[in-house]
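Engineer: entry-v1.cif is the file, holding mmCIF, C-alpha atoms:
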```cif
data_upload
loop_
_atom_site.label_atom_id
_atom_site.label_comp_id
_atom_site.auth_asym_id
_atom_site.auth_seq_id
_atom_site.Cartn_x
_atom_site.Cartn_y
_atom_site.Cartn_z
CA MET L 1383 75.75 -10.92 2.95
CA LYS L 1384 73.59 -8.32 1.25
CA PRO L 1385 72.41 -10.62 -1.59
CA TYR L 1386 71.27 -13.22 0.94
CA VAL L 1387 69.15 -10.64 2.79
CA LEU L 1388 67.69 -9.45 -0.49
CA GLU L 1389 66.83 -13.03 -1.45
CA ALA L 1390 64.85 -13.33 1.77
CA VAL L 1391 63.10 -10.02 1.08
CA ILE L 1392 62.20 -11.05 -2.46
CA GLY L 1393 60.98 -14.40 -1.11
CA LEU L 1394 58.75 -12.46 1.33
CA LEU L 1395 57.32 -10.33 -1.46
CA ILE L 1396 56.58 -13.38 -3.62
CA ALA L 1397 55.01 -15.18 -0.62
CA LEU L 1398 52.74 -12.20 0.07
CA LEU L 1399 51.74 -12.08 -3.58
CA LEU L 1400 51.02 -15.84 -3.66
CA LEU L 1401 48.93 -15.73 -0.49
CA TRP L 1402 47.00 -12.72 -1.76
CA VAL L 1403 46.28 -14.58 -5.00
CA ALA L 1404 45.28 -17.69 -3.04
CA ILE L 1405 42.74 -15.63 -1.12
CA ALA L 1406 41.49 -13.54 -4.02
CA ALA L 1407 41.39 -16.36 -6.57
CA VAL L 1408 38.40 -18.10 -4.99
CA THR L 1409 35.97 -15.50 -6.33
CA ASP L 1410 33.19 -17.09 -8.35
CA VAL L 1411 33.61 -16.81 -12.09
CA PRO L 1412 30.16 -16.50 -13.65
CA PHE L 1413 29.30 -18.48 -16.74
CA VAL L 1414 29.65 -16.30 -19.83
CA TYR L 1415 28.13 -17.25 -23.15
CA GLN L 1416 30.97 -17.33 -25.66
CA GLY L 1417 28.81 -17.08 -28.77
CA LEU L 1418 29.85 -20.50 -30.05
CA MET N 30 60.74 -3.00 -16.98
CA ASN N 31 64.00 -4.67 -18.04
CA GLN N 32 65.82 -2.44 -15.57
CA ILE N 33 64.54 -4.48 -12.61
CA PRO N 34 66.27 -7.78 -13.52
CA THR N 35 69.36 -5.81 -14.48
CA LEU N 36 69.31 -4.06 -11.11
CA LEU N 37 68.84 -7.33 -9.23
CA THR N 38 71.53 -9.29 -11.05
CA GLU N 39 74.22 -6.73 -11.76
CA ARG N 40 73.97 -4.30 -8.88
CA PHE N 41 72.74 -6.56 -6.07
CA GLY N 42 74.21 -9.84 -7.29
CA LEU N 43 70.98 -11.87 -7.22
CA PHE N 44 69.93 -14.70 -9.54
CA ARG N 45 73.42 -15.20 -10.97
CA THR N 46 73.41 -18.86 -9.97
CA TRP N 47 70.76 -21.61 -9.72
CA GLY N 48 71.48 -21.62 -6.01
CA SER N 49 70.18 -18.07 -5.79
CA PHE N 50 66.89 -19.11 -7.41
CA ALA N 51 66.66 -22.09 -5.05
CA ARG N 52 67.21 -19.93 -1.99
CA VAL N 53 64.48 -17.48 -3.05
CA ALA N 54 62.11 -20.41 -3.66
CA GLY N 55 62.99 -21.77 -0.23
CA TRP N 56 62.30 -18.38 1.36
CA VAL N 57 58.90 -18.27 -0.37
CA VAL N 58 57.94 -21.54 1.32
CA VAL N 59 59.34 -20.41 4.67
CA TRP N 60 57.53 -17.07 4.54
CA CYS N 61 54.23 -18.72 3.58
CA VAL N 62 54.49 -20.94 6.64
CA VAL N 63 55.61 -18.08 8.92
CA ILE N 64 52.84 -15.75 7.74
CA GLY N 65 50.35 -18.57 8.31
CA LEU N 66 51.65 -19.06 11.85
CA ILE N 67 51.64 -15.31 12.61
CA LEU N 68 48.12 -14.73 11.34
CA SER N 69 46.95 -18.22 12.46
CA PRO N 70 43.37 -17.76 11.23
CA ALA N 71 40.84 -20.24 12.52
CA GLY N 72 39.90 -22.94 10.05
CA PRO N 73 36.53 -22.88 8.33
CA ASN N 74 33.58 -24.07 10.35
CA ILE N 75 29.90 -24.60 9.68
CA ASP N 76 28.96 -21.28 11.30
CA ASP N 77 30.72 -19.45 8.48
CA ARG N 78 28.12 -20.73 6.06
CA ASP N 79 25.07 -18.64 5.54
CA HIS N 80 22.24 -21.19 5.56
CA ALA N 81 18.66 -19.99 5.84
CA ALA N 82 17.17 -21.13 9.14
CA ASP N 83 14.67 -23.97 8.91
CA THR N 84 10.96 -23.22 9.26
CA PRO N 85 9.80 -24.74 11.55
CA ALA N 86 13.06 -24.49 13.50
CA SER N 87 15.13 -27.65 13.78
CA ASN N 88 18.49 -28.73 15.19
CA VAL N 89 19.87 -29.97 11.83
CA ARG N 90 23.51 -29.00 11.26
CA TYR N 91 24.28 -28.09 7.65
CA LEU N 92 27.85 -29.01 6.83
CA SER N 93 28.04 -28.29 3.12
CA PRO N 94 29.25 -25.17 1.31
CA THR N 95 26.69 -22.66 0.15
CA SER N 96 29.04 -21.02 -2.33
CA ARG N 97 31.25 -22.39 -5.06
CA GLN N 98 34.05 -20.15 -3.83
CA ASP N 99 34.22 -22.12 -0.58
CA PHE N 100 36.82 -24.87 -1.04
CA GLY N 101 36.37 -26.20 2.51
CA GLY N 102 34.18 -29.11 1.44
CA PHE N 103 31.79 -30.81 3.87
CA LEU N 104 32.99 -29.60 7.27
CA ALA N 105 33.13 -31.67 10.43
CA PRO N 106 30.54 -30.65 13.04
CA HIS N 107 31.70 -28.87 16.20
CA ASP N 108 31.07 -31.50 18.84
CA THR N 109 32.60 -34.79 17.91
CA ASP N 110 30.35 -36.77 20.25
CA PRO N 111 33.24 -38.50 22.06
CA ASN N 112 31.00 -40.75 24.14
CA ASP N 113 28.94 -41.71 21.09
CA GLU N 114 25.74 -40.65 22.82
CA GLN N 115 24.17 -39.41 19.60
CA PHE N 116 22.81 -41.31 16.64
CA THR N 117 24.18 -39.15 13.86
CA VAL N 118 22.38 -39.25 10.54
CA ALA N 119 24.01 -37.88 7.37
CA TRP N 120 21.30 -36.61 5.02
CA ILE N 121 22.76 -36.19 1.54
CA GLY N 122 20.82 -34.47 -1.22
CA GLY N 123 20.07 -31.37 -3.22
CA SER N 124 17.65 -28.49 -3.10
CA GLU N 125 14.78 -30.99 -2.88
CA VAL N 126 16.01 -31.72 0.68
CA LYS N 127 16.89 -28.19 1.79
CA LEU N 128 16.00 -25.01 -0.07
CA ASP N 129 15.74 -21.70 1.77
CA ALA N 130 13.64 -22.30 4.89
CA VAL N 131 12.08 -25.57 3.69
CA SER N 132 13.91 -28.69 4.85
CA VAL N 133 12.86 -32.33 4.69
CA ALA N 134 15.71 -33.16 7.09
CA GLY N 135 14.49 -30.46 9.48
CA GLU N 136 10.92 -31.78 9.48
CA VAL N 137 12.18 -35.33 10.10
CA SER N 138 14.47 -34.08 12.87
CA ASN N 139 11.43 -32.61 14.63
CA ARG N 140 9.64 -35.96 14.43
CA ILE N 141 12.39 -38.28 15.74
CA ALA N 142 13.93 -37.29 19.07
CA SER N 143 15.84 -40.48 19.78
CA PHE N 144 16.66 -43.92 18.45
CA GLY N 145 17.27 -46.54 21.12
CA ASP N 146 18.88 -44.65 24.00
CA ARG N 147 20.63 -42.17 21.75
CA THR N 148 19.45 -38.73 20.70
CA VAL N 149 19.13 -38.36 16.94
CA GLN N 150 21.28 -35.68 15.35
CA ILE N 151 20.79 -35.03 11.63
CA ASP N 152 23.64 -33.48 9.65
CA GLY N 153 22.71 -32.00 6.26
CA TYR N 154 25.11 -32.60 3.40
CA THR N 155 22.99 -30.64 0.97
CA LEU N 156 23.99 -28.71 -2.14
CA ILE N 157 22.07 -27.10 -4.95
CA ALA N 158 22.04 -29.70 -7.75
CA PRO N 159 24.81 -32.08 -6.64
CA ARG N 160 26.51 -34.35 -9.17
CA PRO N 161 26.96 -38.03 -8.32
CA ILE N 162 30.65 -37.27 -7.73
CA ASP N 163 29.60 -34.66 -5.14
CA VAL N 164 27.47 -37.34 -3.46
CA LEU N 165 30.46 -39.68 -3.36
CA ARG N 166 32.43 -36.94 -1.64
CA ALA N 167 29.58 -36.34 0.80
CA ILE N 168 29.52 -40.06 1.66
CA ASP N 169 33.28 -39.94 2.23
CA SER N 170 32.86 -36.99 4.58
CA ALA N 171 29.91 -38.59 6.40
CA VAL N 172 31.94 -41.73 7.07
CA ALA N 173 34.89 -39.62 8.24
CA ASN N 174 32.53 -37.76 10.60
CA ASP N 175 31.41 -41.09 12.17
CA SER N 176 27.83 -40.96 10.94
CA ASP N 177 25.66 -43.77 12.29
CA ALA N 178 23.27 -43.78 9.32
CA ILE N 179 23.09 -42.29 5.84
CA VAL N 180 20.10 -41.02 3.87
CA ILE N 181 20.50 -40.15 0.20
CA SER N 182 17.92 -38.30 -1.84
CA ILE N 183 18.33 -39.60 -5.39
CA ASN N 184 18.17 -36.83 -7.97
CA ALA N 185 16.39 -37.83 -11.15
CA ILE N 186 19.02 -35.98 -13.18
CA TRP N 187 21.64 -38.56 -12.19
CA LEU N 188 20.54 -40.66 -15.16
CA THR N 189 22.57 -38.39 -17.36
CA ASP N 190 26.31 -37.82 -17.26
CA GLU N 191 28.60 -35.61 -15.23
CA TRP N 192 28.95 -32.81 -17.74
CA SER N 193 25.34 -32.12 -18.63
CA MET N 194 24.39 -30.85 -15.22
CA ARG N 195 25.40 -28.13 -12.82
CA SER N 196 28.46 -28.79 -10.75
CA TRP N 197 30.21 -27.95 -7.54
CA PRO N 198 33.82 -28.01 -8.75
CA ASN N 199 35.10 -26.66 -5.43
CA LEU N 200 34.45 -30.10 -3.95
CA ASP N 201 36.95 -31.55 -6.44
CA VAL N 202 39.53 -29.85 -4.24
CA ALA N 203 38.02 -30.80 -0.90
CA ASN N 204 37.81 -34.61 -1.23
CA LEU N 205 40.65 -35.18 -3.59
CA GLY N 206 41.14 -38.87 -2.86
CA THR N 207 37.57 -39.98 -3.51
CA LEU N 208 38.18 -41.26 -7.03
CA TRP N 209 41.67 -42.64 -6.43
CA ARG N 210 40.57 -45.40 -4.08
CA TRP N 211 39.01 -47.59 -6.76
CA PRO N 212 41.21 -48.58 -9.73
CA ARG N 213 38.36 -48.45 -12.23
CA SER N 214 37.65 -44.80 -11.37
CA TRP N 215 41.28 -43.76 -11.84
CA PRO N 216 40.56 -42.42 -15.36
CA TRP N 217 37.85 -40.21 -13.83
CA ALA N 218 40.23 -39.07 -11.11
CA LEU N 219 42.60 -37.94 -13.84
CA SER N 220 39.93 -36.28 -15.95
CA LEU N 221 37.94 -34.58 -13.17
CA THR N 222 40.84 -33.54 -10.94
CA SER N 223 43.25 -31.02 -12.40
CA PRO N 224 46.83 -30.45 -11.20
CA ALA N 225 45.62 -27.09 -9.90
CA GLU N 226 43.19 -28.87 -7.59
CA VAL N 227 45.98 -31.02 -6.18
CA ALA N 228 47.97 -27.82 -5.59
CA TRP N 229 44.98 -26.18 -3.89
CA ARG N 230 44.51 -29.19 -1.62
CA VAL N 231 48.18 -29.27 -0.64
CA SER N 232 48.35 -25.51 -0.06
CA ARG N 233 45.14 -25.58 2.00
CA ALA N 234 46.62 -28.27 4.21
CA ALA N 235 50.01 -26.53 4.50
CA SER N 236 48.90 -22.95 5.08
CA PRO N 237 46.14 -21.83 7.48
CA VAL N 238 45.82 -18.64 5.44
CA VAL N 239 44.82 -20.60 2.35
CA GLY N 240 42.62 -22.90 4.45
CA ALA N 241 40.68 -19.85 5.65
CA GLN N 242 40.57 -18.33 2.16
CA ASN N 243 36.79 -18.11 1.95
CA ARG N 244 36.48 -15.90 5.04
CA LEU N 245 39.63 -13.93 4.25
CA ASN N 246 38.36 -13.36 0.73
CA GLU N 247 35.51 -11.24 2.09
CA ARG N 248 37.99 -9.06 3.99
CA ALA N 249 40.21 -8.83 0.92
CA LEU N 250 37.25 -7.58 -1.10
CA GLU N 251 36.52 -4.96 1.57
CA ILE N 252 40.14 -3.76 1.38
CA VAL N 253 40.06 -3.62 -2.39
CA ASP N 254 36.75 -1.75 -2.31
CA ALA N 255 38.14 0.72 0.25
CA LEU N 256 41.18 1.36 -1.93
CA ASP N 257 39.04 1.83 -5.01
CA LEU N 258 38.91 5.59 -5.45
CA THR N 259 37.51 5.58 -8.94
CA SER N 260 34.05 4.18 -8.26
CA GLN N 261 32.42 5.00 -4.95
CA PRO N 262 29.38 2.86 -4.07
CA THR N 263 27.12 5.91 -4.17
CA GLU N 264 28.20 6.59 -7.71
CA ALA N 265 27.94 3.01 -8.88
CA ALA N 266 25.80 2.68 -11.94
CA ALA N 267 22.71 0.49 -11.75
CA PRO N 268 23.42 -2.99 -13.14
CA GLU N 269 22.52 -3.27 -16.76
CA ASP N 270 19.74 -5.60 -17.78
CA PRO N 271 21.28 -8.94 -18.75
CA ASP N 272 21.17 -9.85 -22.41
CA PRO N 273 18.08 -12.09 -22.71
CA ARG N 274 20.03 -14.32 -25.11
CA LEU N 275 22.50 -15.18 -22.36
CA PRO N 276 21.72 -18.37 -20.41
CA THR N 277 22.17 -18.25 -16.67
CA ASP N 278 24.22 -21.45 -16.43
CA PRO N 279 25.73 -24.25 -18.56
CA THR N 280 22.67 -26.48 -18.22
CA THR N 281 20.44 -23.77 -19.62
CA PHE N 282 22.89 -23.15 -22.41
CA TRP N 283 22.92 -26.77 -23.59
CA LEU N 284 19.15 -27.15 -23.23
CA VAL N 285 18.56 -24.07 -25.38
CA GLN N 286 21.14 -25.25 -27.91
CA GLU N 287 19.48 -28.66 -28.18
CA TYR N 288 15.79 -27.83 -27.88
CA GLY N 289 15.43 -24.11 -28.58
CA PRO N 290 14.50 -21.18 -26.27
CA SER N 291 10.95 -22.45 -25.70
CA VAL N 292 12.37 -25.26 -23.54
CA MET N 293 12.78 -22.72 -20.73
CA ASP N 294 9.08 -21.82 -20.63
CA ASP N 295 7.73 -24.98 -18.98
CA THR N 296 9.58 -26.31 -15.92
CA THR N 297 7.90 -29.71 -16.01
CA GLN N 298 8.75 -30.30 -19.66
CA ARG N 299 12.29 -29.05 -19.12
CA VAL N 300 12.94 -31.34 -16.17
CA ALA N 301 11.49 -34.27 -18.11
CA ILE N 302 14.00 -33.59 -20.88
CA MET N 303 16.83 -33.27 -18.36
CA VAL N 304 15.88 -36.56 -16.72
CA GLU N 305 16.07 -38.34 -20.05
CA GLY N 306 19.33 -36.57 -20.65
CA LEU N 307 20.99 -35.21 -23.72
CA ASP N 308 22.14 -38.78 -24.40
CA VAL N 309 19.79 -41.75 -24.36
CA ASP N 310 22.31 -44.03 -22.74
CA SER N 311 24.95 -42.88 -20.31
CA PRO N 312 27.55 -45.39 -19.14
CA VAL N 313 29.13 -42.55 -17.19
CA ALA N 314 26.00 -42.18 -15.08
CA ASP N 315 25.84 -45.97 -14.61
CA SER N 316 29.42 -46.05 -13.40
CA PHE N 317 28.95 -43.28 -10.85
CA ASN N 318 25.59 -44.49 -9.55
CA LEU N 319 26.96 -48.01 -9.10
CA ARG N 320 29.87 -46.48 -7.27
CA ILE N 321 27.49 -44.63 -4.91
CA LEU N 322 25.80 -47.94 -4.10
CA GLU N 323 29.11 -49.71 -3.54
CA GLN N 324 30.35 -46.90 -1.36
CA VAL N 325 27.35 -46.97 1.00
CA GLN N 326 27.57 -50.76 1.13
CA SER N 327 31.17 -50.51 2.27
CA ALA N 328 30.33 -47.71 4.75
CA GLY N 329 28.82 -50.34 7.09
CA VAL N 330 25.97 -48.16 8.38
CA PRO N 331 22.25 -48.40 7.60
CA THR N 332 21.48 -46.41 4.47
CA LEU N 333 18.21 -45.42 2.82
CA MET N 334 18.40 -44.15 -0.75
CA TYR N 335 15.12 -42.84 -2.10
CA VAL N 336 14.08 -41.22 -5.37
CA ALA N 337 13.01 -37.70 -4.45
CA PRO N 338 9.22 -37.38 -4.78
CA PHE N 339 7.80 -35.40 -7.68
CA ALA N 340 4.89 -32.97 -7.52
CA PRO N 341 1.51 -34.60 -8.27
CA ALA N 342 0.93 -31.93 -10.95
CA ALA N 343 4.15 -32.95 -12.70
CA MET N 344 3.23 -36.63 -12.53
CA ALA N 345 -0.02 -35.77 -14.35
CA ASP N 346 2.01 -34.61 -17.36
CA PRO N 347 2.44 -37.57 -19.77
CA THR N 348 5.95 -36.56 -20.87
CA PHE N 349 7.09 -36.17 -17.29
CA ALA N 350 5.35 -39.35 -16.15
CA ALA N 351 7.27 -41.26 -18.85
CA ALA N 352 10.54 -39.76 -17.65
CA ALA N 353 9.66 -40.62 -14.04
CA GLN N 354 8.99 -44.23 -15.06
CA GLN N 355 12.41 -44.29 -16.67
CA VAL N 356 13.95 -43.13 -13.39
CA GLU N 357 12.06 -45.77 -11.42
CA ALA N 358 13.05 -48.57 -13.82
CA TYR N 359 16.69 -47.51 -13.68
CA TRP N 360 16.90 -47.49 -9.90
CA THR N 361 14.89 -50.70 -9.64
CA ARG N 362 17.57 -52.39 -11.76
CA LEU N 363 20.28 -50.99 -9.53
CA ALA N 364 18.38 -51.95 -6.36
CA ASN N 365 18.25 -55.55 -7.61
CA THR N 366 22.06 -55.67 -7.51
CA ASN N 367 22.14 -54.57 -3.87
CA THR N 368 23.41 -57.34 -1.58
CA SER N 369 23.62 -55.46 1.71
CA PRO N 370 20.82 -56.12 4.24
CA ILE N 371 21.28 -52.68 5.80
CA VAL N 372 21.18 -50.71 2.52
CA GLU N 373 17.77 -50.02 1.03
CA ILE N 374 16.94 -48.33 -2.26
CA GLU N 375 13.41 -46.99 -2.75
CA PRO N 376 13.15 -46.53 -6.53
CA THR N 377 9.50 -45.46 -6.55
CA PRO N 378 8.88 -41.76 -5.92
CA MET N 379 6.67 -41.74 -2.81
CA THR N 380 4.40 -39.01 -4.17
CA ALA N 381 1.28 -41.17 -4.07
CA GLU N 382 1.64 -41.70 -0.32
CA PHE N 383 1.11 -38.00 0.47
CA ALA N 384 -0.43 -36.66 -2.76
CA GLU N 385 -3.53 -35.27 -1.04
CA SER N 386 -1.54 -33.10 1.38
CA ALA N 387 1.44 -32.41 -0.88
CA ALA N 388 2.44 -28.78 -1.41
CA PHE N 389 5.07 -28.17 -4.08
CA ASN N 390 6.49 -24.99 -5.59
CA ASP N 391 7.56 -26.82 -8.74
CA VAL N 392 8.55 -30.33 -9.86
CA VAL N 393 10.65 -31.36 -6.85
CA HIS N 394 10.76 -28.36 -4.48
CA MET N 395 8.24 -28.58 -1.68
CA ARG N 396 6.50 -25.62 -0.12
CA ASP N 397 5.78 -27.75 2.96
CA ALA N 398 8.03 -30.74 3.69
CA GLY N 399 5.91 -31.95 6.61
CA PRO N 400 3.62 -34.36 4.70
CA PHE N 401 6.62 -36.09 3.09
CA ALA N 402 8.40 -36.25 6.47
CA ASP N 403 5.37 -38.11 7.87
CA VAL N 404 5.82 -40.69 5.09
CA ILE N 405 9.56 -41.17 5.31
CA VAL N 406 9.98 -41.25 9.11
CA PRO N 407 8.72 -44.87 9.52
CA ARG N 408 10.84 -45.91 6.51
CA LEU N 409 13.92 -44.42 8.14
CA CYS N 410 13.32 -46.07 11.48
CA ALA N 411 12.79 -49.43 9.76
CA ASN N 412 16.07 -48.98 7.89
CA TRP N 413 17.96 -48.11 11.08
CA ARG N 414 16.53 -51.19 12.80
CA THR N 415 18.21 -53.40 10.18
CA ALA N 416 21.45 -52.63 12.02
CA HIS N 417 19.97 -52.23 15.53
CA PRO N 418 16.99 -54.64 15.69
CA THR N 419 16.08 -53.95 19.34
CA TRP N 420 16.10 -50.16 19.12
CA GLU N 421 13.00 -48.03 18.53
CA CYS N 422 12.40 -44.49 17.35
CA SER N 423 10.72 -42.14 19.77
#
```
As structure tokens, please, write out the structure in this file.
Structural biologist:
Amino acid sequence: MKPYVLEAVIGLLIALLLLWVAIAAVTDVPFVYQGL
Amino acid sequence: MNQIPTLLTERFGLFRTWGSFARVAGWVVVWCVVIGLILSPAGPNIDDRDHAADTPASNVRYLSPTSRQDFGGFLAPHDTDPNDEQFTVAWIGGSEVKLDAVSVAGEVSNRIASFGDRTVQIDGYTLIAPRPIDVLRAIDSAVANDSDAIVISINAIWLTDEWSMRSWPNLDVANLGTLWRWPRSWPWALSLTSPAEVAWRVSRAASPVVGAQNRLNERALEIVDALDLTSQPTEAAAPEDPDPRLPTDPTTFWLVQEYGPSVMDDTTQRVAIMVEGLDVDSPVADSFNLRILEQVQSAGVPTLMYVAPFAPAAMADPTFAAAAQQVEAYWTRLANTNTSPIVEIEPTPMTAEFAESAAFNDVVHMRDAGPFADVIVPRLCANWRTAHPTWECS
């Protein structure tokens, strides 16, 4: 039983991380001259 | 770091089978949905977008994003006009239509109260420097929002291709299907739409949290700033002067590469060069502009496309005048292929019709949009009457 509960907890942690990234990832990335 | 997988597999018995991986993946999906339902943030709406108010004040609703970090696309207006009592006009264009407090659409809105027995409501689908693909997406959104007429301000830069101008890549996510509807634009759908954009679109639709990402992003930044103990705002160093060799955007970069730094000194000369493009001939531009025409023809509502007027001072410059003639000749050719009686293309910049009262800040940006509004109002009403012959503007 314990592994199944832990799988749900790990799934929750990954979901929180994904949603945080989905929110934070929309930040504008300014154009940077690469010196090419 | 290797102790964590060891702990999970050997002590807790996780990830020993593929089934364990599948169950964790399933929980990730379930939790994303549950968190979305618990938080249930409201979807994006036009009030979230920080447009400068029109001067003079108008009732134009601006539906387009003002930031490239806003993946919401062109948002539907609040009231859906269920009884169809409004004559809704979608005004699509760039900064030459709406920039800061100056708005051509706003000035026109203040001059036309009603058409037939319907009140006129103008919706602005305006971006800074839209690409033709952004215009296609705006047309898609305007049709979805039941617009009764469409106005498109033709940007002179559209004679060159998709990559040599500024872009609004966030709209690639918002109207994902735009390029898939026509078989001959499938290669562009593949090249302009990345797998990541498909994933963004799906996740936006599936999770309200992702759908509200633009607003939530501001709160996330506040949280991060509050947790940042190493650099308090009062201690923040003044921003360093940017390196003068660094261009501000990709367009500037390519112009400087091609023509040298002096190209940035004269706006009129620079725009003339941009109009002619970095390539002499651009089949890409032809393809997209033809597609814009075909799309408004299939929209089934009266449409006026006009080449945005240029400042009289710019037209007096021989280099710019030659570029402007090129623009006019191009759109004249395209107008000659138009077969719809309710779609009109005005390829001639209407500068001469209000030159004496024109007030421009630069080549295309007006300081006062009123004189141009006086010119275009009768043209608009005439275009709308092609679909409603007995109705009049008032």
Engineer: Just give me the gap between atom CA of Ser176 of chain N and atom CA of Thr117 of chain N in Å, one decimal is fine.
Structural biologist: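 Computing the Euclidean distance for atom CA of Ser176 of chain N and atom CA of Thr117 of chain N yields 5.0 Å.
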Engineer: Restrict the distance test to all atoms listed in the file, flag each residue of chain N within 6 Å of chain L, and return the flagged residues as a ChimeraX atom specification.
Structural biologist: /N:43,53,56-57,60-61,98,242,246,278
Engineer: Translate the PyMOL selection byres ((chain N and resi 385) around 12) into a concrete residue list for this structure, as a PyMOL selection string.
Structural biologist: chain N and resi 340-342+380-384+386-389+400-401
Engineer: Please, what distance in Å, to one decimal, runs between atom CA of Tyr335 of chain N and atom CA of Ile183 of chain N?
Structural biologist: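 Atom CA of Ile183 of chain N lies 5.6 Å from atom CA of Tyr335 of chain N.
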Engineer: Please return as a ChimeraX atom specification every residue within 12 Å of (39.7, -33.6, -6.8), taking into account all atoms listed in the file and the file's own coordinates.
Structural biologist: /N:100,102,162-163,165-166,197-209,215,217-231
Engineer: In the coordinate frame of the file, compute which residues have an atom within 9 Å of (23.8, -21.4, 7.3) when using all atoms listed in the file, and state them as JSON, numbers by chain.
Structural biologist: {"N": [75, 76, 77, 78, 79, 80, 81, 82, 90, 91, 92, 94, 95]}
Engineer: Separation of atom CA of Thr415 of chain N and atom CA of Asp315 of chain N, in Å?
Structural biologist: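 Interatomic distance here is 27.0 Å.
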Engineer: Can you pull out every residue within 9 Å of Thr332 of chain N, counting all atoms listed in the file, but drop anything in the same chain fewer than 3 positions away, and send it as a PyMOL selection string?
Structural biologist: chain N and resi 178-181+325-326+328-329+371-374+409+412-413
Engineer: Store the residues picked out above in a file with C-alpha atoms, as an mmCIF file, in the coordinates of the input.
Structural biologist:
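Result saved to part18.cif:
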```
data_model
loop_
_atom_site.group_PDB
_atom_site.id
_atom_site.type_symbol
_atom_site.label_atom_id
_atom_site.label_comp_id
_atom_site.auth_asym_id
_atom_site.auth_seq_id
_atom_site.Cartn_x
_atom_site.Cartn_y
_atom_site.Cartn_z
ATOM 1 C CA ALA N 178 23.270 -43.780 9.320
ATOM 2 C CA ILE N 179 23.090 -42.290 5.840
ATOM 3 C CA VAL N 180 20.100 -41.020 3.870
ATOM 4 C CA ILE N 181 20.500 -40.150 0.200
ATOM 5 C CA VAL N 325 27.350 -46.970 1.000
ATOM 6 C CA GLN N 326 27.570 -50.760 1.130
ATOM 7 C CA ALA N 328 30.330 -47.710 4.750
ATOM 8 C CA GLY N 329 28.820 -50.340 7.090
ATOM 9 C CA ILE N 371 21.280 -52.680 5.800
ATOM 10 C CA VAL N 372 21.180 -50.710 2.520
ATOM 11 C CA GLU N 373 17.770 -50.020 1.030
ATOM 12 C CA ILE N 374 16.940 -48.330 -2.260
ATOM 13 C CA LEU N 409 13.920 -44.420 8.140
ATOM 14 C CA ASN N 412 16.070 -48.980 7.890
ATOM 15 C CA TRP N 413 17.960 -48.110 11.080
#
```
Engineer: May I ask which of the residues N:Asp257, N:Asp403, N:Glu251, N:Asp146 is the closest one to Ser423 of chain N, counting all atoms listed in the file?
Structural biologist: N:Asp146
Engineer: Name every residue that the PyMOL selection byres ((chain N and resi 352) around 9) selects in this structure, writing the answer as a list in words with chains first and numbers rising.
Structural biologist: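 Applying the PyMOL selection byres ((chain N and resi 352) around 9) to the structure shown produces Ala185, Val300, Ala301, Ile302, Val304, Glu305, Pro347, Thr348, Phe349, Ala350, Ala351, Ala353, Gln354, Gln355, Val356 and Glu357 of chain N.
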Engineer: Contacts of Pro376 of chain N at 6 Å or less, counting all atoms listed in the file, minus same-chain residues fewer than 4 places along, as a list of chain:residue names?
Structural biologist: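 Once the nearby chain positions are removed, what remains is N:Val336, N:Glu357, N:Trp360, N:Thr361.
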Engineer: I'd like to know which of N:Val330, N:Val238, N:Ile252, N:Met344 is closest to Val63 of chain N, using all atoms listed in the file.
Structural biologist: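 Looking at the shortest contact to Val63 of chain N, the residue is N:Val238.
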Engineer: What do you get, as a PDB file with C-alpha atoms, in the frame of the given file, if you spell out every residue that the PyMOL selection byres ((chain N and resi 396) around 12) selects here?
Structural biologist:
```pdb
ATOM      1  CA  THR N  84      10.960 -23.220   9.260  1.00  0.00           C
ATOM      2  CA  SER N 124      17.650 -28.490  -3.100  1.00  0.00           C
ATOM      3  CA  GLU N 125      14.780 -30.990  -2.880  1.00  0.00           C
ATOM      4  CA  VAL N 126      16.010 -31.720   0.680  1.00  0.00           C
ATOM      5  CA  LYS N 127      16.890 -28.190   1.790  1.00  0.00           C
ATOM      6  CA  LEU N 128      16.000 -25.010  -0.070  1.00  0.00           C
ATOM      7  CA  ASP N 129      15.740 -21.700   1.770  1.00  0.00           C
ATOM      8  CA  ALA N 130      13.640 -22.300   4.890  1.00  0.00           C
ATOM      9  CA  VAL N 131      12.080 -25.570   3.690  1.00  0.00           C
ATOM     10  CA  SER N 132      13.910 -28.690   4.850  1.00  0.00           C
ATOM     11  CA  VAL N 133      12.860 -32.330   4.690  1.00  0.00           C
ATOM     12  CA  ALA N 340       4.890 -32.970  -7.520  1.00  0.00           C
ATOM     13  CA  SER N 386      -1.540 -33.100   1.380  1.00  0.00           C
ATOM     14  CA  ALA N 387       1.440 -32.410  -0.880  1.00  0.00           C
ATOM     15  CA  ALA N 388       2.440 -28.780  -1.410  1.00  0.00           C
ATOM     16  CA  PHE N 389       5.070 -28.170  -4.080  1.00  0.00           C
ATOM     17  CA  ASN N 390       6.490 -24.990  -5.590  1.00  0.00           C
ATOM     18  CA  ASP N 391       7.560 -26.820  -8.740  1.00  0.00           C
ATOM     19  CA  VAL N 392       8.550 -30.330  -9.860  1.00  0.00           C
ATOM     20  CA  VAL N 393      10.650 -31.360  -6.850  1.00  0.00           C
ATOM     21  CA  HIS N 394      10.760 -28.360  -4.480  1.00  0.00           C
ATOM     22  CA  MET N 395       8.240 -28.580  -1.680  1.00  0.00           C
ATOM     23  CA  ASP N 397       5.780 -27.750   2.960  1.00  0.00           C
ATOM     24  CA  ALA N 398       8.030 -30.740   3.690  1.00  0.00           C
ATOM     25  CA  GLY N 399       5.910 -31.950   6.610  1.00  0.00           C
ATOM     26  CA  PRO N 400       3.620 -34.360   4.700  1.00  0.00           C
ATOM     27  CA  PHE N 401       6.620 -36.090   3.090  1.00  0.00           C
TER      28      PHE N 401
END
```
